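File shown: protein-v7.cif (mmCIF, C-alpha atoms).
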data_data
loop_
_atom_site.label_atom_id
_atom_site.label_comp_id
_atom_site.auth_asym_id
_atom_site.auth_seq_id
_atom_site.Cartn_x
_atom_site.Cartn_y
_atom_site.Cartn_z
CA MET N 1 -34.57 -107.94 -182.50
CA GLN N 2 -34.24 -104.83 -184.69
CA VAL N 3 -34.92 -102.58 -181.70
CA ALA N 4 -32.13 -104.16 -179.64
CA LYS N 5 -29.63 -103.25 -182.36
CA ARG N 6 -30.63 -99.57 -182.05
CA VAL N 7 -30.05 -99.20 -178.29
CA GLU N 8 -27.33 -96.62 -177.69
CA PRO N 9 -26.11 -94.59 -174.68
CA PHE N 10 -26.48 -90.88 -174.09
CA GLY N 11 -23.39 -89.01 -172.95
CA ASP N 12 -24.50 -89.47 -169.32
CA GLY N 13 -24.71 -93.26 -169.72
CA ARG N 14 -28.48 -93.68 -169.88
CA ARG N 15 -29.65 -95.74 -172.82
CA TYR N 16 -32.20 -94.92 -175.52
CA VAL N 17 -33.48 -96.48 -178.71
CA ALA N 18 -32.23 -94.60 -181.77
CA ALA N 19 -34.73 -93.91 -184.52
CA GLY N 20 -34.34 -96.06 -187.60
CA GLU N 21 -32.73 -94.69 -190.75
CA TRP N 22 -36.00 -94.65 -192.70
CA MET N 23 -37.89 -92.90 -189.89
CA ARG N 24 -35.22 -90.20 -189.62
CA LEU N 25 -35.25 -89.73 -193.39
CA LEU N 26 -39.05 -89.55 -193.49
CA ALA N 27 -39.14 -87.07 -190.57
CA TRP N 28 -36.56 -84.89 -192.33
CA LEU N 29 -38.48 -85.13 -195.62
CA VAL N 30 -41.77 -84.06 -194.00
CA ASP N 31 -40.04 -81.11 -192.29
CA PHE N 32 -38.32 -80.19 -195.55
CA VAL N 33 -41.66 -80.20 -197.40
CA VAL N 34 -43.21 -78.00 -194.69
CA VAL N 35 -40.35 -75.51 -195.00
CA VAL N 36 -40.55 -75.51 -198.82
CA PHE N 37 -44.30 -74.92 -198.54
CA GLY N 38 -43.62 -72.03 -196.15
CA LEU N 39 -41.06 -70.62 -198.57
CA GLY N 40 -43.62 -70.87 -201.37
CA ILE N 41 -46.16 -68.93 -199.32
CA GLY N 42 -43.51 -66.33 -198.48
CA ILE N 43 -42.48 -65.95 -202.11
CA VAL N 44 -46.11 -65.51 -203.22
CA ALA N 45 -46.65 -62.92 -200.49
CA LEU N 46 -43.42 -61.15 -201.49
CA ALA N 47 -44.51 -61.11 -205.14
CA LEU N 48 -47.89 -59.64 -204.21
CA VAL N 49 -46.22 -56.93 -202.14
CA ASP N 50 -43.83 -56.21 -205.03
CA LEU N 51 -46.75 -55.81 -207.42
CA GLN N 52 -48.29 -53.21 -205.13
CA MET N 53 -45.16 -51.31 -204.08
CA ASP N 54 -42.40 -52.08 -206.67
CA LEU N 55 -39.74 -52.96 -204.09
CA GLY N 56 -36.76 -53.12 -206.45
CA ASN N 57 -34.26 -55.89 -207.08
CA GLY N 58 -32.07 -55.25 -204.03
CA VAL N 59 -34.95 -55.37 -201.58
CA LEU N 60 -36.37 -58.46 -203.28
CA ALA N 61 -33.00 -60.25 -203.08
CA LEU N 62 -32.63 -59.43 -199.38
CA ALA N 63 -36.21 -60.44 -198.66
CA LEU N 64 -35.73 -63.74 -200.50
CA LEU N 65 -32.53 -64.42 -198.56
CA GLY N 66 -34.41 -63.57 -195.37
CA LEU N 67 -37.11 -66.08 -196.31
CA VAL N 68 -34.57 -68.83 -196.99
CA PHE N 69 -33.09 -68.45 -193.52
CA GLY N 70 -36.17 -67.13 -191.72
CA VAL N 71 -38.71 -69.83 -192.56
CA PRO N 72 -36.65 -72.71 -191.05
CA LEU N 73 -35.91 -70.55 -187.99
CA VAL N 74 -39.60 -69.75 -187.47
CA TYR N 75 -40.57 -73.40 -188.00
CA GLY N 76 -37.84 -74.27 -185.47
CA LEU N 77 -39.59 -72.20 -182.81
CA PHE N 78 -42.06 -75.08 -182.58
CA TYR N 79 -39.17 -77.56 -182.24
CA GLY N 80 -38.29 -76.86 -178.60
CA ASN N 81 -39.46 -80.25 -177.38
CA GLY N 82 -37.84 -81.98 -180.38
CA ARG N 83 -41.12 -82.79 -182.09
CA VAL N 84 -42.57 -80.95 -185.04
CA LEU N 85 -44.74 -82.38 -187.80
CA GLY N 86 -42.14 -84.79 -189.21
CA ALA N 87 -41.25 -86.19 -185.80
CA VAL N 88 -44.88 -86.50 -184.73
CA LEU N 89 -45.78 -88.43 -187.90
CA THR N 90 -42.81 -90.81 -187.56
CA GLY N 91 -42.83 -91.26 -183.78
CA THR N 92 -39.36 -89.78 -183.30
CA GLN N 93 -37.96 -86.97 -181.18
CA LEU N 94 -34.76 -84.96 -181.50
CA VAL N 95 -32.93 -84.67 -178.17
CA ARG N 96 -29.51 -83.59 -176.92
CA LEU N 97 -26.99 -86.43 -177.19
CA LYS N 98 -25.20 -85.57 -173.95
CA ASP N 99 -28.20 -86.14 -171.66
CA GLY N 100 -31.37 -86.74 -173.70
CA GLY N 101 -32.75 -83.32 -172.75
CA ARG N 102 -34.98 -81.05 -174.79
CA LEU N 103 -33.52 -78.71 -177.38
CA GLY N 104 -35.12 -75.63 -175.84
CA PHE N 105 -33.57 -72.32 -176.84
CA TRP N 106 -31.44 -73.89 -179.59
CA ALA N 107 -34.40 -75.43 -181.43
CA PRO N 108 -34.60 -72.79 -184.22
CA TRP N 109 -30.88 -73.21 -184.90
CA ALA N 110 -31.28 -77.02 -184.92
CA MET N 111 -34.04 -76.72 -187.51
CA LEU N 112 -31.95 -74.39 -189.68
CA VAL N 113 -29.05 -76.84 -189.56
CA ARG N 114 -31.35 -79.82 -190.19
CA ILE N 115 -33.23 -78.32 -193.13
CA LEU N 116 -30.77 -75.97 -194.83
CA LEU N 117 -27.18 -76.50 -193.76
CA LEU N 118 -27.11 -80.31 -193.51
CA PRO N 119 -28.16 -80.85 -197.16
CA LEU N 120 -25.52 -78.31 -198.22
CA LEU N 121 -22.91 -80.19 -196.17
CA ILE N 122 -23.91 -83.50 -197.74
CA ILE N 123 -23.64 -81.98 -201.22
CA GLY N 124 -20.23 -80.55 -200.32
CA VAL N 125 -18.99 -83.92 -199.04
CA LEU N 126 -20.25 -85.69 -202.16
CA VAL N 127 -18.64 -83.13 -204.46
CA GLY N 128 -15.42 -83.37 -202.45
CA SER N 129 -15.38 -87.15 -202.60
CA PHE N 130 -15.80 -87.11 -206.38
CA GLY N 131 -13.05 -84.51 -206.65
CA GLY N 132 -10.47 -86.66 -204.90
CA GLY N 133 -11.02 -85.51 -201.32
CA GLY N 134 -12.23 -88.12 -198.94
CA GLY N 135 -13.51 -88.91 -195.52
CA SER N 136 -16.23 -87.36 -193.51
CA PRO N 137 -16.31 -83.78 -192.28
CA PRO N 138 -14.77 -83.07 -188.88
CA GLY N 139 -16.98 -82.66 -185.85
CA SER N 140 -19.34 -84.65 -183.70
CA PHE N 141 -23.07 -84.99 -183.25
CA VAL N 142 -24.79 -82.85 -180.65
CA ARG N 143 -28.36 -84.07 -181.18
CA VAL N 144 -29.84 -87.46 -181.94
CA SER N 145 -33.27 -88.71 -183.02
CA LEU N 146 -34.76 -91.33 -180.78
CA ASP N 147 -37.68 -93.71 -181.22
CA VAL N 148 -40.16 -92.35 -178.67
CA ASP N 149 -42.26 -95.48 -178.05
CA ALA N 150 -39.34 -97.92 -177.99
CA SER N 151 -37.32 -95.62 -175.70
CA HIS N 152 -40.25 -95.30 -173.29
CA ARG N 153 -40.57 -99.11 -173.20
CA LEU N 154 -36.81 -99.42 -172.55
CA TRP N 155 -36.94 -96.84 -169.74
CA ALA N 156 -39.97 -98.54 -168.19
CA ALA N 157 -38.21 -101.92 -168.26
CA GLU N 158 -35.03 -100.45 -166.77
CA SER N 159 -37.03 -98.63 -164.11
CA ALA N 160 -38.92 -101.79 -163.22
CA ALA N 161 -35.59 -103.64 -162.91
CA GLY N 162 -34.21 -100.78 -160.78
CA ASN N 163 -31.40 -100.01 -163.22
CA ALA N 164 -32.12 -96.47 -164.32
CA THR N 165 -34.62 -93.65 -164.49
CA GLY N 166 -36.52 -92.29 -167.46
CA PRO N 167 -35.81 -89.21 -169.53
CA SER N 168 -34.56 -85.97 -168.02
CA TRP N 169 -37.37 -84.01 -169.65
#

What does the file become when written as structure tokens?
Amino acid sequence: MQVAKRVEPFGDGRRYVAAGEWMRLLAWLVDFVVVVFGLGIGIVALALVDLQMDLGNGVLALALLGLVFGVPLVYGLFYGNGRVLGAVLTGTQLVRLKDGGRLGFWAPWAMLVRILLLPLLIIGVLVGSFGGGGGSPPGSFVRVSLDVDASHRLWAAESAAGNATGPSW
């Protein structure tokens, strides 16, 4: 019964089973922890290099900024099929909303948005709502997390009934 409530259409009309709220949150949390761990390793490596070479404050600030943006982008390189550690552990997959296709070339950007920019947006919306502003930010979703197993069962049932085909990937 819960799965039936999560069936939604892609932009091309095919249906999928959206991942549950808790699974999406857990997938994001695992990915966030991986990125923070990567940042920690980068900061330790940067500190060790600074001890040996005395880089200076300007170089350290730029290197730290590079780590903050670079680590999610590098982790996103493994996100091309929509499944990194968080998604694998929760049985979800991030796909394009318009057709259910793989993220491909845009995967590093999707990871940067998911890990760094989305939390900043949420903080901004919360601060704005407490300050008298209201509503949600403008825009629309481009990607969606789907429940891999439930979506495969849905596609198999639809294929057996002759209604539709499976995923485009």

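Evaluated against this file, the PyMOL selection byres ((chain N and resi 110) around 10) yields Pro72, Leu73, Gly76, Leu77, Tyr79, Gly80, Gly82, Leu94, Leu103, Gly104, Phe105, Trp106, Ala107, Pro108, Trp109, Met111, Leu112, Val113, Arg114, Ile115, Leu116, Leu117, Val142 and Arg143 of chain N.
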
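Atom pair CA of Ala161 in chain N / CA of Arg83 in chain N: separated by 28.9 Å.
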
Query - Which residue of N:Ala61, N:Ala87, N:Met53, N:Leu39 approaches Val74 in chain N most closely, using only C-alpha atoms - result: N:Leu39

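You can rank N:Ala160, N:Val49, N:Val36, N:Ala150 by their closest distance to Lys5 in chain N using only C-alpha atoms, and at the top of that list sits N:Ala150.
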
Around all the atoms of range 65-83 of chain N listed in the file, draw an axis-aligned box and extend it by 3 Å on each of the six sides; I want its centre and edge lengths in Å to one decimal, as AutoDock Vina command-line options.
--center_x -37.3 --center_y -73.2 --center_z -188.0 --size_x 15.5 --size_y 25.2 --size_z 27.2

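Comparing the minimum interatomic distances between Ser159 in chain N and each of N:Phe69, N:Asp99, N:Arg14, N:Ala27, counting all atoms listed in the file, we find that N:Arg14 sits nearest.
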
Query - Interatomic distance, CA of Arg24 in chain N to CA of Gln93 in chain N (Å, one decimal) - result: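 Computing it gives 9.4 Å between the two atoms.
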
**Report entry** Matched chain/residue IDs from the PyMOL selection byres ((chain N and resi 3) around 12), as a PyMOL selection string
**Finding:** chain N and resi 1-2+4-8+16-20+146-151+153-154

Can those selected residues be exported to a file as a compact mmCIF listing (two decimals), in the frame of the given file so that it contains C-alpha atoms?
# COMPACT_ATOMS: atom_id res chain seq x y z
CA MET N 1 -34.57 -107.94 -182.50
CA GLN N 2 -34.24 -104.83 -184.69
CA ALA N 4 -32.13 -104.16 -179.64
CA LYS N 5 -29.63 -103.25 -182.36
CA ARG N 6 -30.63 -99.57 -182.05
CA VAL N 7 -30.05 -99.20 -178.29
CA GLU N 8 -27.33 -96.62 -177.69
CA TYR N 16 -32.20 -94.92 -175.52
CA VAL N 17 -33.48 -96.48 -178.71
CA ALA N 18 -32.23 -94.60 -181.77
CA ALA N 19 -34.73 -93.91 -184.52
CA GLY N 20 -34.34 -96.06 -187.60
CA LEU N 146 -34.76 -91.33 -180.78
CA ASP N 147 -37.68 -93.71 -181.22
CA VAL N 148 -40.16 -92.35 -178.67
CA ASP N 149 -42.26 -95.48 -178.05
CA ALA N 150 -39.34 -97.92 -177.99
CA SER N 151 -37.32 -95.62 -175.70
CA ARG N 153 -40.57 -99.11 -173.20
CA LEU N 154 -36.81 -99.42 -172.55

Query raised in the report: To one decimal place, how far is CA of Gly70 in chain N from CA of Val44 in chain N in Å?
Result: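 Between CA of Gly70 in chain N and CA of Val44 in chain N the gap is 15.3 Å.
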
Applying the PyMOL selection byres ((chain N and resi 43) around 12) to the file I just gave you, which residues come out? Please list them as a PDB file with C-alpha atoms, in the coordinates of the input.
ATOM      1  CA  VAL N  36     -40.550 -75.510-198.820  1.00  0.00           C
ATOM      2  CA  PHE N  37     -44.300 -74.920-198.540  1.00  0.00           C
ATOM      3  CA  GLY N  38     -43.620 -72.030-196.150  1.00  0.00           C
ATOM      4  CA  LEU N  39     -41.060 -70.620-198.570  1.00  0.00           C
ATOM      5  CA  GLY N  40     -43.620 -70.870-201.370  1.00  0.00           C
ATOM      6  CA  ILE N  41     -46.160 -68.930-199.320  1.00  0.00           C
ATOM      7  CA  GLY N  42     -43.510 -66.330-198.480  1.00  0.00           C
ATOM      8  CA  VAL N  44     -46.110 -65.510-203.220  1.00  0.00           C
ATOM      9  CA  ALA N  45     -46.650 -62.920-200.490  1.00  0.00           C
ATOM     10  CA  LEU N  46     -43.420 -61.150-201.490  1.00  0.00           C
ATOM     11  CA  ALA N  47     -44.510 -61.110-205.140  1.00  0.00           C
ATOM     12  CA  LEU N  48     -47.890 -59.640-204.210  1.00  0.00           C
ATOM     13  CA  VAL N  49     -46.220 -56.930-202.140  1.00  0.00           C
ATOM     14  CA  ASP N  50     -43.830 -56.210-205.030  1.00  0.00           C
ATOM     15  CA  LEU N  60     -36.370 -58.460-203.280  1.00  0.00           C
ATOM     16  CA  ALA N  61     -33.000 -60.250-203.080  1.00  0.00           C
ATOM     17  CA  ALA N  63     -36.210 -60.440-198.660  1.00  0.00           C
ATOM     18  CA  LEU N  64     -35.730 -63.740-200.500  1.00  0.00           C
ATOM     19  CA  LEU N  65     -32.530 -64.420-198.560  1.00  0.00           C
ATOM     20  CA  GLY N  66     -34.410 -63.570-195.370  1.00  0.00           C
ATOM     21  CA  LEU N  67     -37.110 -66.080-196.310  1.00  0.00           C
ATOM     22  CA  VAL N  68     -34.570 -68.830-196.990  1.00  0.00           C
ATOM     23  CA  VAL N  71     -38.710 -69.830-192.560  1.00  0.00           C
TER      24      VAL N  71
END
